[in-house]
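One file, upload-v5.txt, is given below (compact mmCIF, C-alpha atoms).
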```txt
# COMPACT_ATOMS: atom_id res chain seq x y z
CA MET A 20 -48.73 21.38 -26.12
CA GLY A 21 -46.73 23.14 -23.38
CA ILE A 22 -43.80 21.64 -21.55
CA THR A 23 -44.43 21.32 -17.81
CA MET A 24 -41.98 21.49 -14.95
CA GLU A 25 -42.91 17.91 -14.01
CA GLN A 26 -41.81 16.69 -17.45
CA ILE A 27 -38.50 18.56 -17.17
CA ASP A 28 -37.94 17.14 -13.67
CA GLU A 29 -38.69 13.64 -14.90
CA ILE A 30 -36.17 13.95 -17.78
CA ARG A 31 -33.53 15.35 -15.39
CA LYS A 32 -34.16 12.56 -12.89
CA ARG A 33 -33.77 9.86 -15.54
CA THR A 34 -30.84 11.37 -17.46
CA ASN A 35 -29.06 13.70 -15.02
CA CYS A 36 -29.02 16.46 -17.65
CA SER A 37 -29.42 20.21 -17.14
CA TYR A 38 -32.77 22.06 -17.16
CA GLN A 39 -31.89 23.66 -20.49
CA GLU A 40 -31.00 20.33 -22.11
CA ALA A 41 -34.15 18.69 -20.71
CA LYS A 42 -36.35 21.50 -22.09
CA GLU A 43 -34.64 21.33 -25.51
CA LEU A 44 -35.10 17.54 -25.66
CA LEU A 45 -38.79 17.85 -24.79
CA ASP A 46 -39.28 20.66 -27.35
CA GLN A 47 -37.62 18.57 -30.08
CA HIS A 48 -39.91 15.61 -29.36
CA ASP A 49 -43.17 17.51 -28.74
CA GLY A 50 -43.24 16.71 -25.00
CA ASP A 51 -42.82 12.96 -25.48
CA LEU A 52 -40.79 11.82 -22.43
CA ILE A 53 -39.79 8.45 -23.86
CA GLU A 54 -38.53 9.91 -27.15
CA ALA A 55 -36.61 12.63 -25.26
CA VAL A 56 -34.90 10.04 -23.03
CA ILE A 57 -34.03 7.86 -26.03
CA ALA A 58 -32.55 10.88 -27.85
CA PHE A 59 -30.48 11.74 -24.78
CA GLU A 60 -29.16 8.17 -24.56
CA LYS A 61 -28.23 8.17 -28.25
CA LYS A 62 -26.35 11.43 -27.83
CA HIS A 63 -24.59 10.60 -24.53
CA GLY A 64 -24.41 6.83 -24.48
CA HIS A 65 -26.73 4.26 -22.91
CA LYS A 66 -26.32 5.41 -19.30
CA SER A 67 -26.27 8.92 -17.97
CA LYS A 68 -22.88 10.39 -17.10
CA HIS A 69 -23.46 10.48 -13.36
CA HIS A 70 -24.86 6.97 -13.11
CA SER A 71 -22.21 5.48 -15.37
CA TYR A 72 -19.34 7.16 -13.53
CA SER A 73 -20.46 6.18 -10.03
CA SER A 74 -21.42 2.67 -11.12
CA ASP A 75 -18.05 2.06 -12.82
CA LYS A 76 -16.18 3.59 -9.89
CA ASN A 77 -18.05 1.41 -7.39
CA HIS A 78 -17.50 -1.67 -9.57
CA ARG A 79 -13.75 -1.01 -9.82
CA LEU A 80 -13.50 -0.33 -6.08
CA GLY A 81 -15.41 -3.52 -5.29
CA LYS A 82 -13.18 -5.52 -7.62
CA LYS A 83 -10.01 -4.11 -6.02
CA VAL A 84 -11.29 -4.86 -2.50
CA LYS A 85 -12.21 -8.41 -3.55
CA GLU A 86 -8.73 -8.98 -5.06
CA LEU A 87 -7.06 -7.55 -1.96
CA LEU A 88 -9.10 -9.78 0.35
CA GLN A 89 -8.32 -12.87 -1.76
CA LYS A 90 -4.62 -12.03 -1.75
CA GLY A 91 -4.71 -11.51 2.03
CA PHE A 92 -6.25 -14.92 2.65
CA VAL A 93 -3.76 -16.68 0.37
CA THR A 94 -0.73 -14.82 1.80
CA ARG A 95 0.20 -16.35 5.13
CA LEU A 96 2.39 -15.46 8.11
CA ILE A 97 4.31 -18.53 9.25
CA ILE A 98 6.34 -18.84 12.46
CA GLU A 99 8.46 -21.98 12.84
CA LYS A 100 10.84 -23.39 15.42
CA GLU A 101 13.16 -26.26 14.45
CA GLU A 102 11.14 -27.27 11.37
CA SER A 103 7.82 -27.41 13.25
CA THR A 104 5.16 -24.82 12.52
CA VAL A 105 4.05 -22.83 15.55
CA LEU A 106 1.75 -20.38 13.77
CA ASN A 107 0.33 -20.36 10.22
CA VAL A 108 -2.38 -17.73 9.69
CA PRO A 109 -3.66 -15.69 6.75
CA VAL A 110 -2.46 -12.09 6.79
CA ASN A 111 -6.09 -10.86 6.82
CA ILE A 112 -6.78 -12.61 10.13
CA LEU A 113 -3.57 -11.22 11.61
CA LEU A 114 -4.50 -7.67 10.50
CA LEU A 115 -8.02 -8.06 11.89
CA VAL A 116 -6.70 -9.16 15.30
CA MET A 117 -4.18 -6.31 15.30
CA PHE A 118 -6.91 -3.80 14.40
CA ILE A 119 -9.21 -5.03 17.17
CA THR A 120 -6.42 -4.92 19.76
CA MET A 121 -4.95 -1.59 18.55
CA PRO A 122 -4.41 -0.11 22.06
CA VAL A 123 -1.76 -2.77 22.79
CA PHE A 124 0.00 -2.44 19.42
CA TRP A 125 3.35 -1.84 21.13
CA LEU A 126 2.99 -5.34 22.59
CA TYR A 127 3.18 -6.80 19.05
CA ILE A 128 6.49 -5.07 18.46
CA ILE A 129 7.94 -6.47 21.68
CA LEU A 130 6.50 -9.91 20.90
CA SER A 131 8.00 -9.87 17.38
CA ILE A 132 11.44 -8.92 18.68
CA THR A 133 11.25 -11.59 21.40
CA ILE A 134 10.22 -14.28 18.91
CA TYR A 135 13.09 -13.28 16.62
CA LEU A 136 15.64 -13.32 19.45
CA MET A 137 14.42 -16.75 20.65
CA GLY A 138 15.41 -18.21 17.28
CA TYR A 139 12.01 -18.64 15.69
CA LYS A 140 11.88 -18.41 11.91
CA ILE A 141 9.38 -15.79 10.73
CA ARG A 142 8.35 -15.74 7.09
CA ILE A 143 5.56 -14.60 4.82
CA LYS A 144 4.42 -17.01 2.12
CA LYS A 145 2.84 -15.35 -0.91
CA GLU A 146 0.24 -16.77 -3.30
CA GLU A 147 2.69 -17.97 -5.96
CA GLY A 148 4.69 -19.90 -3.35
CA GLU A 149 7.28 -17.13 -3.11
CA GLU A 150 8.51 -16.69 0.44
CA VAL A 151 9.78 -13.60 2.21
CA ASN A 152 12.03 -14.61 5.09
CA ILE A 153 11.81 -11.88 7.72
CA ASN A 154 14.77 -13.33 9.65
CA ASP A 155 17.07 -12.93 6.63
CA ILE A 156 15.97 -9.33 6.17
CA VAL A 157 16.56 -8.49 9.84
CA ASP A 158 19.92 -10.31 9.82
CA GLY A 159 20.98 -8.43 6.69
CA ILE A 160 20.05 -5.08 8.19
CA GLY A 161 21.79 -6.01 11.44
CA SER A 162 25.02 -7.02 9.71
CA LYS A 163 25.07 -3.79 7.67
CA VAL A 164 24.57 -1.74 10.83
CA ARG A 165 27.34 -3.66 12.64
CA THR A 166 29.74 -3.19 9.72
CA ALA A 167 29.00 0.53 9.53
CA ALA A 168 29.42 0.92 13.29
CA GLU A 169 32.77 -0.89 13.22
CA GLN A 170 33.98 1.30 10.37
CA MET A 171 32.94 4.43 12.21
CA ARG A 172 34.87 3.32 15.32
CA GLU A 173 38.03 3.10 13.22
CA LYS A 174 38.42 6.86 12.70
CA PRO A 175 41.61 8.00 10.98
CA GLY A 176 44.18 9.39 13.38
CA GLU A 177 43.06 7.33 16.35
CA LYS A 178 44.96 4.20 15.37
CA GLU A 179 48.29 3.54 17.03
CA GLY A 180 51.20 5.02 15.10
CA ASN A 181 48.78 7.09 13.05
CA ASN A 182 47.84 9.58 15.77
CA PRO A 183 49.25 13.04 14.90
CA LYS A 184 49.63 13.85 18.62
CA ASN A 185 52.00 10.89 19.10
CA ASN A 186 53.99 11.59 15.92
CA SER A 187 55.62 14.94 16.40
CA LYS A 188 57.81 14.70 13.31
CA ASP A 189 56.64 14.47 9.71
CA THR A 190 57.42 11.04 8.25
CA GLY A 191 56.62 12.11 4.72
CA LYS A 192 53.74 9.59 4.43
CA LYS A 193 50.40 10.65 3.06
CA ASP A 194 47.45 10.65 5.47
CA ASP A 195 45.26 7.57 5.30
CA TYR A 196 41.55 8.15 4.83
CA ASN A 197 38.76 5.81 5.92
CA GLU A 198 35.54 5.92 4.03
CA VAL A 199 32.19 4.62 5.32
CA THR A 200 29.53 3.63 2.83
CA VAL A 201 26.18 2.23 3.94
CA GLU A 202 24.22 0.61 1.12
```
For the structure just supplied, provide its representation as structure tokens.
Amino acid sequence: MGITMEQIDEIRKRTNCSYQEAKELLDQHDGDLIEAVIAFEKKHGHKSKHHSYSSDKNHRLGKKVKELLQKGFVTRLIIEKEESTVLNVPVNILLLVMFITMPVFWLYIILSITIYLMGYKIRIKKEEGEEVNINDIVDGIGSKVRTAAEQMREKPGEKEGNNPKNNSKDTGKKDDYNEVTVE
């Protein structure tokens, strides 16, 4: 019995194998499609390579998206003023609103700065109850910047009595050096 192109196409469609492999499988099993497919599955595993790869990839992607969405609904942005909550929304809702109103994104930056300057407490509460206090982070960055700026203003040689232009004679003292380190 001869092997037809339809049989080869059917094997390839069901197993995603090459023409050569499909023909060899059909030759080995005297044109029996079912036996050829079973032999392919035994040799390569239950599912074909293409189907298995895309199915697993889609499953993993779907699982990651589901976990990310769950985490976004549990994680919340909280804005408080004097121990009363002004805003308490899931991060997913906040991101959705920001995505929809993307053309006025700069407005969110101005609004965030204004809220911070007005003394509101901004924090992010994670799933495990861990909190990230945005105000503390901004205050920490601000204090480091202020400290660095103050140290840079105090350049060596510009202090009174330490200016080489004012001291024409050598006093025998070693030059003082200021060092600025920003961590």
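When all atoms listed in the file are used to measure the gap to A:Met137, the shortest distance among A:Ser103, A:Asn154, A:Asn111, A:Thr34 belongs to A:Asn154.
Atom CA of A:Met24 sits 11.7 Å away from atom CA of A:Gln39.
Across the model, the gap from atom CA of A:Glu147 to atom CA of A:Ser131 is 25.3 Å.
Counting all atoms listed in the file, A:Gly138 has the following residues at most 10 Å away, ignoring those fewer than 6 positions along the same chain: A:Glu99, A:Lys100, A:Glu101, A:Asn154.
Our summary of the geometry notes that atom CA of A:Lys90 is positioned 15.0 Å from atom CA of A:Val151.
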**Report entry** Surrounding residues of A:Gly91 excluding itself and chain neighbours under 5 positions, 9 Å, all atoms listed in the file, as a VMD selection string
**Finding:** chain A and resid 86 109 to 112 145 to 146
Spatial neighbours of A:Gly21, max dist 10 Å, only C-alpha atoms, sep filter under 4 positions, as a JSON list (two decimals) with C-alpha atoms, keeping the file's coordinate frame:
```
[["chain", "number", "residue", "atom", "x", "y", "z"],
["A", 45, "LEU", "CA", -38.79, 17.85, -24.79],
["A", 46, "ASP", "CA", -39.28, 20.66, -27.35],
["A", 49, "ASP", "CA", -43.17, 17.51, -28.74],
["A", 50, "GLY", "CA", -43.24, 16.71, -25.00]]
```
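Nearest-residue note for A:Arg95: choosing from A:Leu52, A:Leu115, A:Ile143, A:Ile30, the minimum distance belongs to A:Ile143, counting only C-alpha atoms.
Residues with any atom within 12 Å of A:Cys36, counting only C-alpha atoms and excluding same-chain neighbours fewer than 2 positions away, are Ile27, Asp28, Glu29, Ile30, Arg31, Lys32, Arg33, Thr34, Tyr38, Gln39, Glu40, Ala41, Lys42, Glu43, Leu44, Ala55, Val56, Phe59, Glu60, Lys62, His63, Lys66, Ser67, Lys68, His69 and His70 of chain A.
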